[in-house]
Amino acid sequence: MKMKLVILALVLVLLSAIHGIAEPHKKDGPSKDGPSKDGASVAAVHNSGYGDAIRIEGEQRFRANCGRCHTAPQKFPPRMMATVVRHMRVRATITDQDMQSILRYLTQ
Amino acid sequence: MNYIELGGGITSVTLCCPARYATINPTIAPEKLGTALDFLRKIFRNWRSLAFTRSWAALILALLATVSAAQGPENERPIPILTGSAGFFTNVNGGQAQLVPEMNPVILLPLGDRWLIESRGEFKGEFERPEGGGPYGGKVEKELDYLQVDFIANPLVTVTAGRFLAPFGIYNERLYPIWIRSLQQVPLIFPIGTGSSDGVMLRGGFPVRPKVNLNYAAYFSTLSTVNKFESDRTAGGRFGFFLPGPRIEAGVSWQKLLQEDRTNAFGFHLAWQPALLPLNLRSEYARSNLGSGYWIECAYRLSQLPFWSKAMRRTEVVARAQQLFAEHISENEAEVYGLPDVNTRQGDFGLNYFLRDGLKATASYGRRFSSDGNSNIWTVGIAYRFVFPLGRLGAK
């Protein structure tokens with residue numbers, strides 16, 4: 001039993017390590033180096049600059065994720081939002097990309 | 001201090017701070033309690049024995065002390081937060097009235113770019129009139145729901161250690177806080193597989209395709225009989241997927257007790273929020289040696305109604321159907337786990353009015369059918385979620 005658990009844990013950590021090497025970890029929390037690197041937002045940056053497209057994408061991700069468990073909250077000041085979003089990332093197992101995009105949307 | 005008076009001066013209860021609820025066996029007689037001073041004196045007298053409350057106060061002070069260290073040049077660095085919920089409910093269960101003041105403070109302490117320390121305490125009073133009449137009195141539950149360190153190792157894995165909510169199903173981890181749940185009565189199957197565990201957990205969520213996210217949690221917990229840190233030796237996990245387009249989530253949970261009779265518990269959950277309707281559909285099934293059952297809940301915001309749109313936007317109607325199939329457990333076990341020991345069916349209807357972000361008034365009616373007798377359950381109350389920064393917010 002214990003053995004199986006240890007193996008499961010190892011496999012998960014290994015998988016994530018491989019992912020981490022392939023794509024260096026992006027900072028959790030606010031970063032100033034533009035939008036998250038997934039395809040959609042990169043395309044958005046090239047097509048229309050850092051403007052509306054990023055905001056719309058952030059809003060979409062916010063709508064899909066932040067009203068699932070409770071009513072979608074209001075915006076809080078950026079430093080509070082950064083903590084809340086980190087908390088929700090852990091609690092709601094929301095993806096890294098969603099978190100980056102939502103945080104940017106909520107702190108704009 | 002908020003002062004809440006209910007039903008023709010039957011009773012009065014103050015809602016203020018955790019210490020209030022930590023008073024052991026408070027007997028609330030309106031005539032006596034009118035003097036808040038008496039009450040404060042009682043708290044100070046009990047202060048020494050209130051280890052739990054004091055440790056919470058100590059944690060807040062320690063956090064405040066770290067605030068200056070957390071301040072940096074950036075205006076967007078996360079700061080420590082004091083959040084949580086407070087509420088007051090009146091339940092009438094089979095004709096017996098119960099007053100339930102509740103306070104659940106949550107402390108969030110982010111450290112660096114990848115760490116988070118989080119903790120939630122629960123202070124809940126359950127006051128009833130004794131048989132034959134008399135003032136409301138009763139016990140106050142004090143629980144440490146979680147006290148955990150999270151390390152966001154990379155986009156796929158977050159490592160959690162400490163005391164955490166067992167990731168079984170969706171109710172315990174996601175819907176339990178009073179400001180979140182649509183109906184204040186927890187589902188009949190709630191005790192199956194849930195509770196708090198002391199141990200280590202790996203969890204995360206990541207996209208496997210552009211429109212499919214996977215999420216998982218796997219944990220191991222150890223046996224503990226330490227006061228407020230009680231935990232069983234278990235292993236378990238939850239695995240699910242979420243489709244952000246149609247907003248559908250489904251998943252399975254599993255838990256194995258690694259002590260005593262080494263039983264298994266199994267669960268399944270489904271949630272759907274159709275994009276075109278302000279509707280929230282949720283359902284869970286759980287099975288263990290203690291019993292099995294399901295609940296299915298539908299919450300609908302009346303924002304689409306063409307009249308009184310301002311008020312309707314803030315109103316939500318809820319319906320839930322549930323059933324529990326009891327196993328052969330003793331009355332004592334049933335009492336300990338909070339599970340019915342006979343087959344039970346229940347239907348609930350509720351109304352929530354969102355006064356503003358984080359504040360809602362709630363009312364519900366439920367009818368329970370079982371071979372022990374049928375009963376009505378009424379609930380009315382108010383739930384509030386607060387969020388306070390513990391430090392300077394910085395200039396925007």
# chains A, B, ... in the order shown; residues from 1 in each chain; ligands from 1

call {"tool": "residues_around", "arguments": {"residues": "region 55-62 of chain A", "least_positions_apart": "5", "cutoff": "6 Å", "atoms": "only C-alpha atoms", "output": "compact mmCIF listing (two decimals) with C-alpha atoms, in the first residue's frame"}}
result
# COMPACT_ATOMS: atom_id res chain seq x y z
CA SER A 101 -4.31 35.42 -16.98
CA ILE A 102 -6.95 35.96 -14.29
CA TYR A 105 -7.20 40.73 -15.55

call {"tool": "residues_around", "arguments": {"residues": "Leu243 (chain B)", "least_positions_apart": "3", "cutoff": "8 Å", "atoms": "only C-alpha atoms", "output": "ChimeraX atom specification"}}
result
/B:211-213,246-249

call {"tool": "write_last_selection", "arguments": {"atoms": "N, CA, C and O atoms", "output": "PDB file, in the first residue's frame"}}
result
ATOM      1  N   LYS B 211      -8.940  22.590 -24.440  1.00  0.00           N
ATOM      2  CA  LYS B 211     -10.219  22.782 -23.755  1.00  0.00           C
ATOM      3  C   LYS B 211     -10.512  21.717 -22.697  1.00  0.00           C
ATOM      4  O   LYS B 211     -11.665  21.470 -22.343  1.00  0.00           O
ATOM      5  N   VAL B 212      -9.487  21.084 -22.210  1.00  0.00           N
ATOM      6  CA  VAL B 212      -9.667  20.075 -21.155  1.00  0.00           C
ATOM      7  C   VAL B 212      -8.602  20.249 -20.077  1.00  0.00           C
ATOM      8  O   VAL B 212      -7.416  20.184 -20.361  1.00  0.00           O
ATOM      9  N   ASN B 213      -9.046  20.513 -18.854  1.00  0.00           N
ATOM     10  CA  ASN B 213      -8.113  20.593 -17.726  1.00  0.00           C
ATOM     11  C   ASN B 213      -8.291  19.374 -16.827  1.00  0.00           C
ATOM     12  O   ASN B 213      -9.417  18.982 -16.540  1.00  0.00           O
ATOM     13  N   PRO B 246     -17.963  24.233 -21.985  1.00  0.00           N
ATOM     14  CA  PRO B 246     -19.307  23.989 -21.446  1.00  0.00           C
ATOM     15  C   PRO B 246     -19.373  24.074 -19.917  1.00  0.00           C
ATOM     16  O   PRO B 246     -20.444  23.929 -19.331  1.00  0.00           O
ATOM     17  N   ARG B 247     -18.255  24.314 -19.264  1.00  0.00           N
ATOM     18  CA  ARG B 247     -18.173  24.424 -17.796  1.00  0.00           C
ATOM     19  C   ARG B 247     -18.746  23.199 -17.091  1.00  0.00           C
ATOM     20  O   ARG B 247     -19.650  23.292 -16.252  1.00  0.00           O
ATOM     21  N   ILE B 248     -18.188  22.075 -17.488  1.00  0.00           N
ATOM     22  CA  ILE B 248     -18.594  20.813 -16.866  1.00  0.00           C
ATOM     23  C   ILE B 248     -17.410  20.261 -16.112  1.00  0.00           C
ATOM     24  O   ILE B 248     -16.275  20.282 -16.617  1.00  0.00           O
ATOM     25  N   GLU B 249     -17.656  19.790 -14.917  1.00  0.00           N
ATOM     26  CA  GLU B 249     -16.589  19.133 -14.175  1.00  0.00           C
ATOM     27  C   GLU B 249     -17.108  17.798 -13.653  1.00  0.00           C
ATOM     28  O   GLU B 249     -18.232  17.691 -13.187  1.00  0.00           O
TER      29      GLU B 249
END

call {"tool": "residues_around", "arguments": {"residues": "Thr263 (chain B)", "least_positions_apart": "6", "cutoff": "7 Å", "atoms": "only C-alpha atoms", "output": "PDB file with N, CA, C and O atoms, in the first residue's frame"}}
result
ATOM      1  N   LYS B 256      -8.888   5.249   1.634  1.00  0.00           N
ATOM      2  CA  LYS B 256      -8.737   3.977   2.345  1.00  0.00           C
ATOM      3  C   LYS B 256      -8.287   4.263   3.765  1.00  0.00           C
ATOM      4  O   LYS B 256      -7.321   5.005   3.986  1.00  0.00           O
ATOM      5  N   LEU B 257      -9.000   3.658   4.706  1.00  0.00           N
ATOM      6  CA  LEU B 257      -8.613   3.772   6.103  1.00  0.00           C
ATOM      7  C   LEU B 257      -7.478   2.777   6.334  1.00  0.00           C
ATOM      8  O   LEU B 257      -7.622   1.599   6.016  1.00  0.00           O
ATOM      9  N   ASN B 289     -18.468   1.974   4.268  1.00  0.00           N
ATOM     10  CA  ASN B 289     -19.082   0.966   5.132  1.00  0.00           C
ATOM     11  C   ASN B 289     -20.140   1.578   6.045  1.00  0.00           C
ATOM     12  O   ASN B 289     -20.937   0.879   6.655  1.00  0.00           O
TER      13      ASN B 289
END

call {"tool": "atom_distance", "arguments": {"atom1": "CA of Asp98 (chain A)", "atom2": "CA of Gly205 (chain B)"}}
result
10.1 Å

call {"tool": "residues_around", "arguments": {"residues": "Arg367 (chain B)", "least_positions_apart": "5", "cutoff": "12 Å", "atoms": "only C-alpha atoms", "output": "PyMOL selection string"}}
result
chain B and resi 92-94+185+319-323+344-350+373-379

call {"tool": "residues_around", "arguments": {"residues": "Tyr294 (chain B)", "least_positions_apart": "2", "cutoff": "7 Å", "atoms": "only C-alpha atoms", "output": "VMD selection string"}}
result
chain B and resid 189 284 to 286 296 322 to 324

call {"tool": "select_by_dssp", "arguments": {"residues": "region 262-318 of chain B", "states": "alpha helix (DSSP H)", "output": "PyMOL selection string"}}
result
chain B and resi 309-313

call {"tool": "write_last_selection", "arguments": {"atoms": "all heavy atoms", "output": "CSV table (one decimal), in the first residue's frame"}}
result
chain,number,residue,atom,x,y,z
B,309,SER,N,-35.9,43.7,-12.1
B,309,SER,CA,-34.6,43.1,-12.4
B,309,SER,C,-33.5,43.4,-11.4
B,309,SER,O,-32.6,42.6,-11.1
B,309,SER,CB,-34.1,43.5,-13.8
B,309,SER,OG,-34.0,44.9,-13.8
B,310,LYS,N,-33.6,44.5,-10.7
B,310,LYS,CA,-32.5,44.9,-9.7
B,310,LYS,C,-32.5,43.8,-8.6
B,310,LYS,O,-31.5,43.3,-8.2
B,310,LYS,CB,-32.8,46.3,-9.2
B,310,LYS,CG,-31.5,47.0,-8.9
B,310,LYS,CD,-31.8,48.5,-8.6
B,310,LYS,CE,-30.5,49.1,-8.0
B,310,LYS,NZ,-30.8,50.4,-7.5
B,311,ALA,N,-33.7,43.6,-8.1
B,311,ALA,CA,-33.9,42.6,-7.0
B,311,ALA,C,-33.7,41.2,-7.4
B,311,ALA,O,-33.0,40.4,-6.8
B,311,ALA,CB,-35.2,42.8,-6.3
B,312,MET,N,-34.2,40.9,-8.6
B,312,MET,CA,-34.1,39.5,-9.1
B,312,MET,C,-32.7,39.1,-9.4
B,312,MET,O,-32.3,37.9,-9.2
B,312,MET,CB,-35.0,39.4,-10.4
B,312,MET,CG,-36.4,39.4,-10.1
B,312,MET,SD,-36.9,38.1,-9.0
B,312,MET,CE,-38.3,38.9,-8.1
B,313,ARG,N,-31.9,40.0,-9.9
B,313,ARG,CA,-30.4,39.7,-10.1
B,313,ARG,C,-29.7,39.2,-8.9
B,313,ARG,O,-28.8,38.5,-8.9
B,313,ARG,CB,-29.7,41.0,-10.6
B,313,ARG,CG,-29.5,41.0,-12.1
B,313,ARG,CD,-28.3,41.9,-12.5
B,313,ARG,NE,-28.2,43.1,-11.7
B,313,ARG,CZ,-28.6,44.3,-12.0
B,313,ARG,NH1,-29.3,44.4,-13.1
B,313,ARG,NH2,-28.4,45.3,-11.2

call {"tool": "residues_around", "arguments": {"residues": "Thr93 (chain A)", "least_positions_apart": "6", "cutoff": "9 Å", "atoms": "only C-alpha atoms", "output": "list in words"}}
result
Thr158, Arg203, Gly204, Gly205, Phe206, Leu214, Asn215, Tyr216 and Ala217 of chain B

call {"tool": "write_last_selection", "arguments": {"atoms": "N, CA, C and O atoms", "output": "short mmCIF file (atom, residue, chain, number, x, y, z; two decimals), in the first residue's frame"}}
result
data_model
loop_
_atom_site.label_atom_id
_atom_site.label_comp_id
_atom_site.auth_asym_id
_atom_site.auth_seq_id
_atom_site.Cartn_x
_atom_site.Cartn_y
_atom_site.Cartn_z
N THR B 158 1.57 21.03 -6.59
CA THR B 158 1.68 21.81 -5.36
C THR B 158 1.79 20.80 -4.23
O THR B 158 1.00 19.85 -4.17
N ARG B 203 -1.07 18.02 -5.15
CA ARG B 203 -2.27 18.37 -5.91
C ARG B 203 -1.92 19.32 -7.04
O ARG B 203 -0.85 19.94 -7.05
N GLY B 204 -2.82 19.43 -7.97
CA GLY B 204 -2.55 20.35 -9.07
C GLY B 204 -3.63 20.27 -10.13
O GLY B 204 -4.52 19.42 -10.08
N GLY B 205 -3.53 21.19 -11.07
CA GLY B 205 -4.45 21.19 -12.20
C GLY B 205 -3.69 21.68 -13.41
O GLY B 205 -2.85 22.57 -13.30
N PHE B 206 -3.91 21.06 -14.55
CA PHE B 206 -3.17 21.47 -15.75
C PHE B 206 -3.97 21.11 -16.99
O PHE B 206 -4.78 20.17 -16.97
N LEU B 214 -7.17 18.83 -16.39
CA LEU B 214 -7.24 17.74 -15.42
C LEU B 214 -6.90 18.32 -14.05
O LEU B 214 -6.12 19.25 -13.93
N ASN B 215 -7.48 17.75 -13.01
CA ASN B 215 -7.05 18.13 -11.67
C ASN B 215 -6.98 16.89 -10.79
O ASN B 215 -7.72 15.92 -11.01
N TYR B 216 -6.07 16.93 -9.82
CA TYR B 216 -5.89 15.76 -8.97
C TYR B 216 -5.46 16.19 -7.58
O TYR B 216 -4.96 17.31 -7.38
N ALA B 217 -5.66 15.31 -6.63
CA ALA B 217 -5.13 15.49 -5.27
C ALA B 217 -4.88 14.08 -4.75
O ALA B 217 -5.75 13.21 -4.88
#

call {"tool": "atom_distance", "arguments": {"atom1": "CA of Asn104 (chain B)", "atom2": "CA of Tyr337 (chain B)"}}
result
21.4 Å

call {"tool": "atom_distance", "arguments": {"atom1": "CA of Leu99 (chain B)", "atom2": "CA of Val318 (chain B)"}}
result
22.5 Å

call {"tool": "residues_around", "arguments": {"residues": "region 71-73 of chain A", "least_positions_apart": "6", "cutoff": "9 Å", "atoms": "only C-alpha atoms", "output": "MDAnalysis selection string"}}
result
(chainID A and resid 62:63 65) or (chainID B and resid 180 357:358)

call {"tool": "write_last_selection", "arguments": {"atoms": "N, CA, C and O atoms", "output": "PDB file, in the first residue's frame"}}
result
ATOM      1  N   PHE A  62     -11.710  34.203 -16.125  1.00  0.00           N
ATOM      2  CA  PHE A  62     -12.298  34.567 -14.839  1.00  0.00           C
ATOM      3  C   PHE A  62     -13.731  34.025 -14.771  1.00  0.00           C
ATOM      4  O   PHE A  62     -14.129  33.397 -13.795  1.00  0.00           O
ATOM      5  N   ARG A  63     -14.493  34.253 -15.830  1.00  0.00           N
ATOM      6  CA  ARG A  63     -15.883  33.808 -15.833  1.00  0.00           C
ATOM      7  C   ARG A  63     -16.004  32.290 -15.772  1.00  0.00           C
ATOM      8  O   ARG A  63     -16.875  31.752 -15.105  1.00  0.00           O
ATOM      9  N   ASN A  65     -13.901  30.222 -14.436  1.00  0.00           N
ATOM     10  CA  ASN A  65     -13.347  29.617 -13.227  1.00  0.00           C
ATOM     11  C   ASN A  65     -13.860  30.176 -11.904  1.00  0.00           C
ATOM     12  O   ASN A  65     -14.059  29.425 -10.957  1.00  0.00           O
TER      13      ASN A  65
ATOM     14  N   ILE B 180     -20.544  30.243   1.063  1.00  0.00           N
ATOM     15  CA  ILE B 180     -20.552  29.596  -0.247  1.00  0.00           C
ATOM     16  C   ILE B 180     -21.757  28.672  -0.411  1.00  0.00           C
ATOM     17  O   ILE B 180     -22.431  28.703  -1.434  1.00  0.00           O
ATOM     18  N   ASP B 357     -21.358  41.964  -2.375  1.00  0.00           N
ATOM     19  CA  ASP B 357     -20.323  40.940  -2.491  1.00  0.00           C
ATOM     20  C   ASP B 357     -19.994  40.362  -1.115  1.00  0.00           C
ATOM     21  O   ASP B 357     -19.586  41.086  -0.217  1.00  0.00           O
ATOM     22  N   GLY B 358     -20.208  39.083  -0.952  1.00  0.00           N
ATOM     23  CA  GLY B 358     -19.834  38.428   0.302  1.00  0.00           C
ATOM     24  C   GLY B 358     -20.902  38.431   1.371  1.00  0.00           C
ATOM     25  O   GLY B 358     -20.705  37.841   2.425  1.00  0.00           O
TER      26      GLY B 358
END

call {"tool": "select_by_dssp", "arguments": {"residues": "region 133-163 of chain B", "states": "strand (DSSP E)", "output": "JSON, numbers by chain"}}
result
{"B": [136, 137, 138, 139, 140, 141, 142, 143, 144, 145, 146, 147, 148, 149, 150, 151, 152, 153, 154, 157, 158, 159, 160, 161, 162, 163]}

call {"tool": "write_last_selection", "arguments": {"atoms": "N, CA and C atoms", "output": "mmCIF file, in the first residue's frame"}}
result
data_model
loop_
_atom_site.group_PDB
_atom_site.id
_atom_site.type_symbol
_atom_site.label_atom_id
_atom_site.label_comp_id
_atom_site.auth_asym_id
_atom_site.auth_seq_id
_atom_site.Cartn_x
_atom_site.Cartn_y
_atom_site.Cartn_z
ATOM 1 N N TYR B 136 -31.894 29.816 26.414
ATOM 2 C CA TYR B 136 -31.099 29.084 25.420
ATOM 3 C C TYR B 136 -29.704 28.821 25.970
ATOM 4 N N GLY B 137 -29.217 27.625 25.750
ATOM 5 C CA GLY B 137 -27.856 27.296 26.183
ATOM 6 C C GLY B 137 -27.356 26.157 25.336
ATOM 7 N N GLY B 138 -26.079 25.875 25.397
ATOM 8 C CA GLY B 138 -25.571 24.749 24.614
ATOM 9 C C GLY B 138 -24.082 24.831 24.441
ATOM 10 N N LYS B 139 -23.590 23.956 23.595
ATOM 11 C CA LYS B 139 -22.140 23.858 23.478
ATOM 12 C C LYS B 139 -21.613 24.740 22.335
ATOM 13 N N VAL B 140 -20.317 25.025 22.405
ATOM 14 C CA VAL B 140 -19.647 25.753 21.332
ATOM 15 C C VAL B 140 -18.557 24.839 20.786
ATOM 16 N N GLU B 141 -18.654 24.533 19.501
ATOM 17 C CA GLU B 141 -17.617 23.688 18.892
ATOM 18 C C GLU B 141 -16.460 24.556 18.459
ATOM 19 N N LYS B 142 -15.253 24.084 18.728
ATOM 20 C CA LYS B 142 -14.066 24.795 18.245
ATOM 21 C C LYS B 142 -13.244 23.789 17.460
ATOM 22 N N GLU B 143 -13.007 24.075 16.218
ATOM 23 C CA GLU B 143 -12.251 23.133 15.384
ATOM 24 C C GLU B 143 -11.134 23.862 14.656
ATOM 25 N N LEU B 144 -10.061 23.132 14.406
ATOM 26 C CA LEU B 144 -9.028 23.645 13.510
ATOM 27 C C LEU B 144 -9.234 22.891 12.196
ATOM 28 N N ASP B 145 -9.830 23.551 11.216
ATOM 29 C CA ASP B 145 -10.162 22.869 9.957
ATOM 30 C C ASP B 145 -8.902 22.546 9.171
ATOM 31 N N TYR B 146 -8.029 23.539 9.054
ATOM 32 C CA TYR B 146 -6.740 23.265 8.394
ATOM 33 C C TYR B 146 -5.663 24.225 8.868
ATOM 34 N N LEU B 147 -4.451 23.767 8.808
ATOM 35 C CA LEU B 147 -3.269 24.588 9.121
ATOM 36 C C LEU B 147 -2.174 23.979 8.266
ATOM 37 N N GLN B 148 -1.946 24.538 7.099
ATOM 38 C CA GLN B 148 -1.113 23.855 6.113
ATOM 39 C C GLN B 148 -0.128 24.790 5.433
ATOM 40 N N VAL B 149 0.953 24.196 4.966
ATOM 41 C CA VAL B 149 1.934 24.928 4.169
ATOM 42 C C VAL B 149 1.810 24.402 2.748
ATOM 43 N N ASP B 150 1.667 25.319 1.796
ATOM 44 C CA ASP B 150 1.591 24.910 0.392
ATOM 45 C C ASP B 150 2.846 25.390 -0.321
ATOM 46 N N PHE B 151 3.433 24.515 -1.086
ATOM 47 C CA PHE B 151 4.590 24.887 -1.902
ATOM 48 C C PHE B 151 4.250 24.614 -3.358
ATOM 49 N N ILE B 152 4.174 25.678 -4.142
ATOM 50 C CA ILE B 152 3.840 25.521 -5.562
ATOM 51 C C ILE B 152 5.131 25.141 -6.274
ATOM 52 N N ALA B 153 5.373 23.830 -6.411
ATOM 53 C CA ALA B 153 6.652 23.350 -6.922
ATOM 54 C C ALA B 153 6.819 23.716 -8.389
ATOM 55 N N ASN B 154 5.797 23.549 -9.166
ATOM 56 C CA ASN B 154 5.822 23.878 -10.590
ATOM 57 C C ASN B 154 4.380 23.874 -11.093
ATOM 58 N N VAL B 157 2.476 20.552 -9.936
ATOM 59 C CA VAL B 157 2.408 19.999 -8.582
ATOM 60 C C VAL B 157 2.502 21.082 -7.511
ATOM 61 N N THR B 158 1.571 21.032 -6.591
ATOM 62 C CA THR B 158 1.684 21.809 -5.355
ATOM 63 C C THR B 158 1.788 20.796 -4.225
ATOM 64 N N VAL B 159 2.782 20.975 -3.370
ATOM 65 C CA VAL B 159 2.954 20.061 -2.240
ATOM 66 C C VAL B 159 2.374 20.735 -1.008
ATOM 67 N N THR B 160 1.506 20.017 -0.312
ATOM 68 C CA THR B 160 0.879 20.560 0.893
ATOM 69 C C THR B 160 1.245 19.675 2.078
ATOM 70 N N ALA B 161 1.612 20.294 3.182
ATOM 71 C CA ALA B 161 1.910 19.509 4.384
ATOM 72 C C ALA B 161 1.252 20.177 5.572
ATOM 73 N N GLY B 162 0.839 19.350 6.537
ATOM 74 C CA GLY B 162 0.198 19.883 7.732
ATOM 75 C C GLY B 162 -1.172 19.263 7.903
ATOM 76 N N ARG B 163 -2.090 20.073 8.391
ATOM 77 C CA ARG B 163 -3.465 19.597 8.549
ATOM 78 C C ARG B 163 -4.290 20.214 7.432
#

call {"tool": "closest_residue", "arguments": {"among": "A:Arg79, A:Ala53, A:Gln108, A:Ala92", "to": "chain B", "atoms": "only C-alpha atoms"}}
result
A:Arg79

call {"tool": "closest_residue", "arguments": {"among": "A:Met99, A:Ile54, A:Ile94, A:Cys66", "to": "chain B", "atoms": "only C-alpha atoms"}}
result
A:Ile94
